[in-house]
Amino acid sequence: MVTGATGYIGSHVCVELLGAGNRIVGIDNFDNSSPLVVDRIRRLAGHFDFVELDLADRAGLERVFDTRKIDAVVHLAGLKAVAESTTDPLHYFDVNVGTSISLLQAMKRHAVTGLIFSSSCTVYGNPRSELMPLTERAPIAPINPYGHTKAIIEQMLSAQVEADPRWRTISLRYFNPIGAHASGIIGESPLGTPNTLMPHLMDVALGRTDHLVVHGGDYDTVDGTCVRDYIHVVDVARAHVAAVAKVMAPHQPMVDDPTRFMTVNLGTGVGCSVLQLLAAVEDSVGSRLPYRIGPRRPGDAAAVWADPSLARHLLGWHARHDLVDMCRDQWNWARRHPCGFDRQSMAAVSS
Ligand code: UD1
């Protein structure tokens, strides 16, 4: 079962799981995604069992477990806008933590004990520079309600695994996923004002915005702009395939962690500044993208990148796509779908 199946990450996870020969059921309530994605997944990967469902609908969730043989769950459903989480924290705790509890209870009732959780490097908050590259042992110190919801769900999973030795759980902490499927028919389709850097860069590339505002140019980094660990969304999706195989293979020990609850960073291990990403996007787009340096964004860490060695060790996974691939695939998606999955973008696809 994949929750949040039609979201940006979820759609890529479904395509990769199906491509690797898994039979899956996808669940989504289309709160932050389009119903069109279901058909796109089918176009890329063939048969795809999908149920439109809000995870808060306990009876509906029960029916999905009752009518299918679920071996493991990949739980990606959740809200993810940091700014919104600070203005309406109760909604974030209710949706992210509340629906995770419902899901875990349903799993427990149906004796499903394998879980992959969609977590984020946001659980590390604003980590000190000496901690780079970040390992999974870095302190958990979220700085906003969204980050707290991810940390709380991880704590819940850890407790459940400790309480029941049959549970096997991997929490994947994504760094900064960007890019799109190479076909250009699925990708990120943010509703409203985007929060993260890449959709802003696409707005400039598509001529929708005159210039990028770079949030701060006076950090102690290679060029004064913030450094992050951008990772291709298809690499992120493939890590889920490896993680599912891991939790479904009980004969394979979950190394390093006797509690069978693992947290795993998903990054490339390579830092990239805002201006370096801008230059890579310019190369893909084939034109200059104007920018201006603005003030720092409150709460931003100067430089955050992952030590991804545990993912290699535990899952046999490492990121295969580089920045050129990420920017090429992102631009391929964006120019075919300048408005995401809405009607105008359908016209772009069919023409
Ligand atoms: C974001 C999320 C975080 C999530 C992470 C990984 C926010 C506030 N944080 O953080 O919760 O875990 O992605 O997906 O949404 N920037 C600009 N101009 C822009 C937009 C961004 O200069 O218009 C800069 C930012 O200041 C930052 C860098 O680009 O230095 C990356 O920003 P962003 O894409 O928001 O990622 P994170 O800050 O890592």
# chains A, B, ... in the order shown; residues from 1 in each chain; ligands from 1
>>> closest_atom_pairs(of="chain A", to="ligand 1", cutoff="8 Å", atoms="only C-alpha atoms and all ligand atoms", output="tab-separated table")
residue	atom	partner	partner_atom_place_in_ligand_line	distance
A:Lys80	CA	ligand 1	11 (O)	7.1
A:Ala81	CA	ligand 1	15 (O)	6.1
A:Val82	CA	ligand 1	15 (O)	5.0
A:Ala83	CA	ligand 1	8 (C)	6.6
A:Ser120	CA	ligand 1	12 (O)	5.0
A:Cys121	CA	ligand 1	12 (O)	5.3
A:Thr122	CA	ligand 1	12 (O)	4.2
A:Val123	CA	ligand 1	12 (O)	7.8
A:Tyr146	CA	ligand 1	11 (O)	7.1
A:Gly147	CA	ligand 1	11 (O)	6.7
A:Tyr174	CA	ligand 1	6 (C)	6.5
A:Phe175	CA	ligand 1	6 (C)	5.0
A:Asn176	CA	ligand 1	6 (C)	4.1
A:Pro177	CA	ligand 1	14 (O)	5.9
A:Asn195	CA	ligand 1	15 (O)	4.9
A:Thr196	CA	ligand 1	34 (O)	3.4
A:Leu197	CA	ligand 1	20 (C)	3.7
A:Met198	CA	ligand 1	34 (O)	6.3
A:His200	CA	ligand 1	23 (O)	5.3
A:Leu201	CA	ligand 1	23 (O)	7.4
A:Leu212	CA	ligand 1	23 (O)	6.0
A:Val213	CA	ligand 1	18 (N)	5.1
A:Val214	CA	ligand 1	22 (O)	3.4
A:His215	CA	ligand 1	22 (O)	3.9
A:Gly216	CA	ligand 1	22 (O)	6.8
A:Thr225	CA	ligand 1	30 (O)	6.7
A:Cys226	CA	ligand 1	30 (O)	4.2
A:Val227	CA	ligand 1	30 (O)	6.4
A:Arg228	CA	ligand 1	39 (O)	5.9
A:Asp229	CA	ligand 1	39 (O)	7.9
A:Ser273	CA	ligand 1	28 (C)	7.6
A:Val274	CA	ligand 1	29 (O)	5.5
A:Ile293	CA	ligand 1	22 (O)	8.0
A:Arg296	CA	ligand 1	26 (O)	6.8
A:Arg297	CA	ligand 1	26 (O)	5.5
A:Gly299	CA	ligand 1	8 (C)	7.7
A:Asp300	CA	ligand 1	38 (O)	5.9
A:Ala301	CA	ligand 1	30 (O)	7.2
A:Ala302	CA	ligand 1	30 (O)	7.0
A:Ala303	CA	ligand 1	30 (O)	8.0
A:Val304	CA	ligand 1	39 (O)	7.5
>>> residues_around(residues="Ser309 in chain A", least_positions_apart="6", cutoff="12 Å", atoms="only C-alpha atoms", output="list in words")
Pro133, Leu134, Thr135, Glu136, Val264, Asn265, Leu266, Gly267, Thr268, Gly269, Leu315, Gly316, Trp317, His318 and Ala319 of chain A
>>> closest_atom_pairs(of="range 237-317 of chain A", to="range 328-334 of chain A", cutoff="10 Å", atoms="only C-alpha atoms", output="CSV")
residue,atom,partner,partner_atom,distance
A:Ala280,CA,A:Arg328,CA,8.9
A:Val281,CA,A:Arg328,CA,7.7
A:Glu282,CA,A:Trp331,CA,9.9
A:Asp283,CA,A:Arg328,CA,8.7
A:Ser284,CA,A:Arg328,CA,5.4
A:Val285,CA,A:Trp331,CA,6.7
>>> select_by_dssp(residues="range 113-268 of chain A", states="strand (DSSP E or B)", output="VMD selection string")
chain A and resid 114 to 120 134 168 to 174 176 to 178 212 to 215 227 to 228 230 to 232 261 to 266
>>> closest_residue(among="A:His313, A:His211, A:His148, A:His12", to="Val233 in chain A", atoms="only C-alpha atoms")
A:His12
>>> closest_residue(among="A:Leu172, A:Leu275, A:Leu289, A:Ala159", to="Asp210 in chain A", atoms="only C-alpha atoms")
A:Leu289
>>> atom_distance(atom1="CA of Asp164 in chain A", atom2="CA of Gly10 in chain A")
27.6 Å
>>> atom_distance(atom1="CA of Leu278 in chain A", atom2="CA of Ile178 in chain A")
13.0 Å
>>> atom_distance(atom1="CA of His181 in chain A", atom2="CA of Met202 in chain A")
15.9 Å
>>> residues_around(residues="range 26-31 of chain A", least_positions_apart="4", cutoff="6 Å", atoms="only C-alpha atoms", output="MDAnalysis selection string")
chainID A and resid 1:5 50:54
>>> select_by_dssp(residues="range 72-272 of chain A", states="alpha helix (DSSP H)", output="ChimeraX atom specification")
/A:82-87,89-92,99-109,145-163,197-205,233-247
>>> closest_atom_pairs(of="range 31-149 of chain A", to="range 239-245 of chain A", cutoff="10 Å", atoms="only C-alpha atoms", output="JSON lines")
{"residue": "A:Asp71", "atom": "CA", "partner": "A:Val244", "partner_atom": "CA", "distance": 9.5}
{"residue": "A:Ala72", "atom": "CA", "partner": "A:Val244", "partner_atom": "CA", "distance": 7.1}
{"residue": "A:Val73", "atom": "CA", "partner": "A:Val244", "partner_atom": "CA", "distance": 8.2}
{"residue": "A:Val74", "atom": "CA", "partner": "A:Val244", "partner_atom": "CA", "distance": 7.7}
{"residue": "A:Gly114", "atom": "CA", "partner": "A:Val244", "partner_atom": "CA", "distance": 7.8}
{"residue": "A:Leu115", "atom": "CA", "partner": "A:Val244", "partner_atom": "CA", "distance": 7.7}
{"residue": "A:Ile116", "atom": "CA", "partner": "A:Val244", "partner_atom": "CA", "distance": 6.8}
{"residue": "A:Phe117", "atom": "CA", "partner": "A:His240", "partner_atom": "CA", "distance": 9.2}
{"residue": "A:Ser118", "atom": "CA", "partner": "A:His240", "partner_atom": "CA", "distance": 9.2}
>>> write_last_selection(atoms="all heavy atoms", output="CSV table (one decimal), in the first residue's frame")
chain,number,residue,atom,x,y,z
A,71,ASP,N,1.2,-6.5,2.3
A,71,ASP,CA,2.4,-7.0,2.9
A,71,ASP,C,3.2,-5.9,3.6
A,71,ASP,O,3.9,-6.2,4.6
A,71,ASP,CB,3.4,-7.7,1.9
A,71,ASP,CG,2.7,-8.9,1.3
A,71,ASP,OD1,2.2,-9.7,2.1
A,71,ASP,OD2,2.8,-9.0,0.1
A,72,ALA,N,3.1,-4.7,3.1
A,72,ALA,CA,3.9,-3.6,3.6
A,72,ALA,C,3.2,-2.3,3.2
A,72,ALA,O,2.5,-2.2,2.2
A,72,ALA,CB,5.4,-3.6,3.1
A,73,VAL,N,3.5,-1.2,4.0
A,73,VAL,CA,3.0,0.1,3.7
A,73,VAL,C,4.1,1.1,3.5
A,73,VAL,O,5.1,1.1,4.2
A,73,VAL,CB,2.0,0.6,4.8
A,73,VAL,CG1,1.5,2.0,4.6
A,73,VAL,CG2,0.9,-0.4,5.0
A,74,VAL,N,3.9,1.9,2.4
A,74,VAL,CA,4.8,3.0,2.2
A,74,VAL,C,4.0,4.3,2.5
A,74,VAL,O,3.0,4.6,1.8
A,74,VAL,CB,5.3,3.1,0.8
A,74,VAL,CG1,6.3,4.3,0.6
A,74,VAL,CG2,6.1,1.8,0.4
A,114,GLY,N,5.3,-4.2,8.2
A,114,GLY,CA,6.4,-3.6,7.4
A,114,GLY,C,6.0,-2.2,7.0
A,114,GLY,O,4.9,-2.0,6.4
A,115,LEU,N,6.8,-1.2,7.3
A,115,LEU,CA,6.5,0.2,7.0
A,115,LEU,C,7.7,1.0,6.6
A,115,LEU,O,8.7,0.9,7.2
A,115,LEU,CB,5.8,0.8,8.3
A,115,LEU,CG,5.4,2.3,8.1
A,115,LEU,CD1,4.2,2.4,7.2
A,115,LEU,CD2,5.2,2.9,9.4
A,116,ILE,N,7.5,1.7,5.5
A,116,ILE,CA,8.4,2.7,5.1
A,116,ILE,C,7.8,4.1,5.3
A,116,ILE,O,6.7,4.3,4.8
A,116,ILE,CB,8.8,2.6,3.6
A,116,ILE,CG1,9.1,1.2,3.2
A,116,ILE,CG2,9.9,3.6,3.2
A,116,ILE,CD1,10.2,0.5,4.0
A,117,PHE,N,8.5,5.0,6.0
A,117,PHE,CA,7.9,6.3,6.3
A,117,PHE,C,8.6,7.4,5.6
A,117,PHE,O,9.9,7.4,5.6
A,117,PHE,CB,7.9,6.5,7.8
A,117,PHE,CG,7.4,7.9,8.2
A,117,PHE,CD1,6.1,8.3,7.8
A,117,PHE,CD2,8.2,8.8,8.9
A,117,PHE,CE1,5.7,9.6,8.1
A,117,PHE,CE2,7.8,10.1,9.2
A,117,PHE,CZ,6.5,10.5,8.8
A,118,SER,N,7.9,8.3,5.1
A,118,SER,CA,8.4,9.5,4.4
A,118,SER,C,8.8,10.6,5.3
A,118,SER,O,7.9,11.3,5.8
A,118,SER,CB,7.3,9.9,3.4
A,118,SER,OG,7.5,11.2,2.9
>>> residues_around(residues="Ile101 in chain A", least_positions_apart="3", cutoff="10 Å", atoms="only C-alpha atoms", output="ChimeraX atom specification")
/A:55-56,94-98,104-107,153,156-157
>>> write_last_selection(atoms="all heavy atoms", output="mmCIF file, in the first residue's frame")
data_model
loop_
_atom_site.group_PDB
_atom_site.id
_atom_site.type_symbol
_atom_site.label_atom_id
_atom_site.label_comp_id
_atom_site.auth_asym_id
_atom_site.auth_seq_id
_atom_site.Cartn_x
_atom_site.Cartn_y
_atom_site.Cartn_z
ATOM 1 N N LEU A 55 -7.154 9.308 4.600
ATOM 2 C CA LEU A 55 -6.711 8.371 5.645
ATOM 3 C C LEU A 55 -7.479 8.562 6.959
ATOM 4 O O LEU A 55 -7.490 7.681 7.807
ATOM 5 C CB LEU A 55 -5.213 8.534 5.922
ATOM 6 C CG LEU A 55 -4.247 7.888 4.928
ATOM 7 C CD1 LEU A 55 -2.815 8.132 5.380
ATOM 8 C CD2 LEU A 55 -4.514 6.404 4.782
ATOM 9 N N ALA A 56 -8.119 9.736 7.104
ATOM 10 C CA ALA A 56 -8.933 9.959 8.301
ATOM 11 C C ALA A 56 -10.212 9.117 8.268
ATOM 12 O O ALA A 56 -10.873 8.948 9.291
ATOM 13 C CB ALA A 56 -9.282 11.442 8.418
ATOM 14 N N ASP A 94 -2.904 17.390 13.525
ATOM 15 C CA ASP A 94 -4.103 16.563 13.313
ATOM 16 C C ASP A 94 -3.921 15.687 12.077
ATOM 17 O O ASP A 94 -4.062 14.460 12.136
ATOM 18 C CB ASP A 94 -5.310 17.504 13.149
ATOM 19 C CG ASP A 94 -6.607 16.728 13.013
ATOM 20 O OD1 ASP A 94 -6.666 15.590 13.517
ATOM 21 O OD2 ASP A 94 -7.561 17.260 12.412
ATOM 22 N N VAL A 95 -3.570 16.310 10.969
ATOM 23 C CA VAL A 95 -3.494 15.540 9.716
ATOM 24 C C VAL A 95 -2.278 14.608 9.729
ATOM 25 O O VAL A 95 -2.424 13.394 9.532
ATOM 26 C CB VAL A 95 -3.441 16.489 8.502
ATOM 27 C CG1 VAL A 95 -3.158 15.697 7.225
ATOM 28 C CG2 VAL A 95 -4.756 17.253 8.363
ATOM 29 N N ASN A 96 -1.101 15.138 9.970
ATOM 30 C CA ASN A 96 0.102 14.300 9.827
ATOM 31 C C ASN A 96 0.196 13.233 10.920
ATOM 32 O O ASN A 96 0.413 12.051 10.626
ATOM 33 C CB ASN A 96 1.363 15.163 9.831
ATOM 34 C CG ASN A 96 1.500 15.958 8.530
ATOM 35 O OD1 ASN A 96 0.618 15.926 7.673
ATOM 36 N ND2 ASN A 96 2.600 16.670 8.372
ATOM 37 N N VAL A 97 0.025 13.650 12.165
ATOM 38 C CA VAL A 97 0.153 12.677 13.259
ATOM 39 C C VAL A 97 -1.124 11.839 13.362
ATOM 40 O O VAL A 97 -1.069 10.617 13.456
ATOM 41 C CB VAL A 97 0.468 13.381 14.599
ATOM 42 C CG1 VAL A 97 0.631 12.355 15.716
ATOM 43 C CG2 VAL A 97 1.742 14.233 14.471
ATOM 44 N N GLY A 98 -2.286 12.512 13.290
ATOM 45 C CA GLY A 98 -3.565 11.801 13.448
ATOM 46 C C GLY A 98 -3.744 10.696 12.413
ATOM 47 O O GLY A 98 -4.080 9.560 12.765
ATOM 48 N N LEU A 104 -1.412 3.234 11.432
ATOM 49 C CA LEU A 104 -0.693 2.224 12.229
ATOM 50 C C LEU A 104 -1.668 1.291 12.951
ATOM 51 O O LEU A 104 -1.432 0.085 13.050
ATOM 52 C CB LEU A 104 0.226 2.897 13.252
ATOM 53 C CG LEU A 104 1.416 3.660 12.679
ATOM 54 C CD1 LEU A 104 2.232 4.276 13.795
ATOM 55 C CD2 LEU A 104 2.301 2.758 11.846
ATOM 56 N N GLN A 105 -2.765 1.876 13.424
ATOM 57 C CA GLN A 105 -3.763 1.023 14.106
ATOM 58 C C GLN A 105 -4.379 0.024 13.131
ATOM 59 O O GLN A 105 -4.582 -1.143 13.465
ATOM 60 C CB GLN A 105 -4.831 1.883 14.771
ATOM 61 C CG GLN A 105 -4.298 2.533 16.050
ATOM 62 C CD GLN A 105 -5.270 3.520 16.662
ATOM 63 O OE1 GLN A 105 -6.090 4.113 15.958
ATOM 64 N NE2 GLN A 105 -5.170 3.723 17.967
ATOM 65 N N ALA A 106 -4.663 0.498 11.915
ATOM 66 C CA ALA A 106 -5.227 -0.411 10.906
ATOM 67 C C ALA A 106 -4.204 -1.499 10.574
ATOM 68 O O ALA A 106 -4.540 -2.678 10.446
ATOM 69 C CB ALA A 106 -5.624 0.377 9.659
ATOM 70 N N MET A 107 -2.937 -1.115 10.441
ATOM 71 C CA MET A 107 -1.884 -2.105 10.165
ATOM 72 C C MET A 107 -1.836 -3.146 11.277
ATOM 73 O O MET A 107 -1.751 -4.344 11.032
ATOM 74 C CB MET A 107 -0.522 -1.417 10.047
ATOM 75 C CG MET A 107 -0.344 -0.592 8.768
ATOM 76 S SD MET A 107 1.227 0.301 8.765
ATOM 77 C CE MET A 107 2.404 -1.047 8.720
ATOM 78 N N ILE A 153 6.180 11.359 14.528
ATOM 79 C CA ILE A 153 5.798 10.098 13.873
ATOM 80 C C ILE A 153 6.971 9.115 13.957
ATOM 81 O O ILE A 153 6.772 7.928 14.240
ATOM 82 C CB ILE A 153 5.341 10.349 12.421
ATOM 83 C CG1 ILE A 153 4.072 11.210 12.413
ATOM 84 C CG2 ILE A 153 5.079 9.013 11.705
ATOM 85 C CD1 ILE A 153 3.726 11.822 11.080
ATOM 86 N N MET A 156 6.907 7.614 17.327
ATOM 87 C CA MET A 156 5.801 6.663 17.426
ATOM 88 C C MET A 156 6.195 5.321 16.802
ATOM 89 O O MET A 156 5.926 4.253 17.352
ATOM 90 C CB MET A 156 4.636 7.245 16.630
ATOM 91 C CG MET A 156 3.329 7.193 17.314
ATOM 92 S SD MET A 156 2.237 8.414 16.548
ATOM 93 C CE MET A 156 2.100 7.830 14.887
ATOM 94 N N LEU A 157 6.838 5.406 15.650
ATOM 95 C CA LEU A 157 7.250 4.179 14.950
ATOM 96 C C LEU A 157 8.275 3.424 15.784
ATOM 97 O O LEU A 157 8.209 2.198 15.919
ATOM 98 C CB LEU A 157 7.846 4.523 13.580
ATOM 99 C CG LEU A 157 6.867 5.178 12.602
ATOM 100 C CD1 LEU A 157 7.582 5.561 11.316
ATOM 101 C CD2 LEU A 157 5.712 4.230 12.298
#
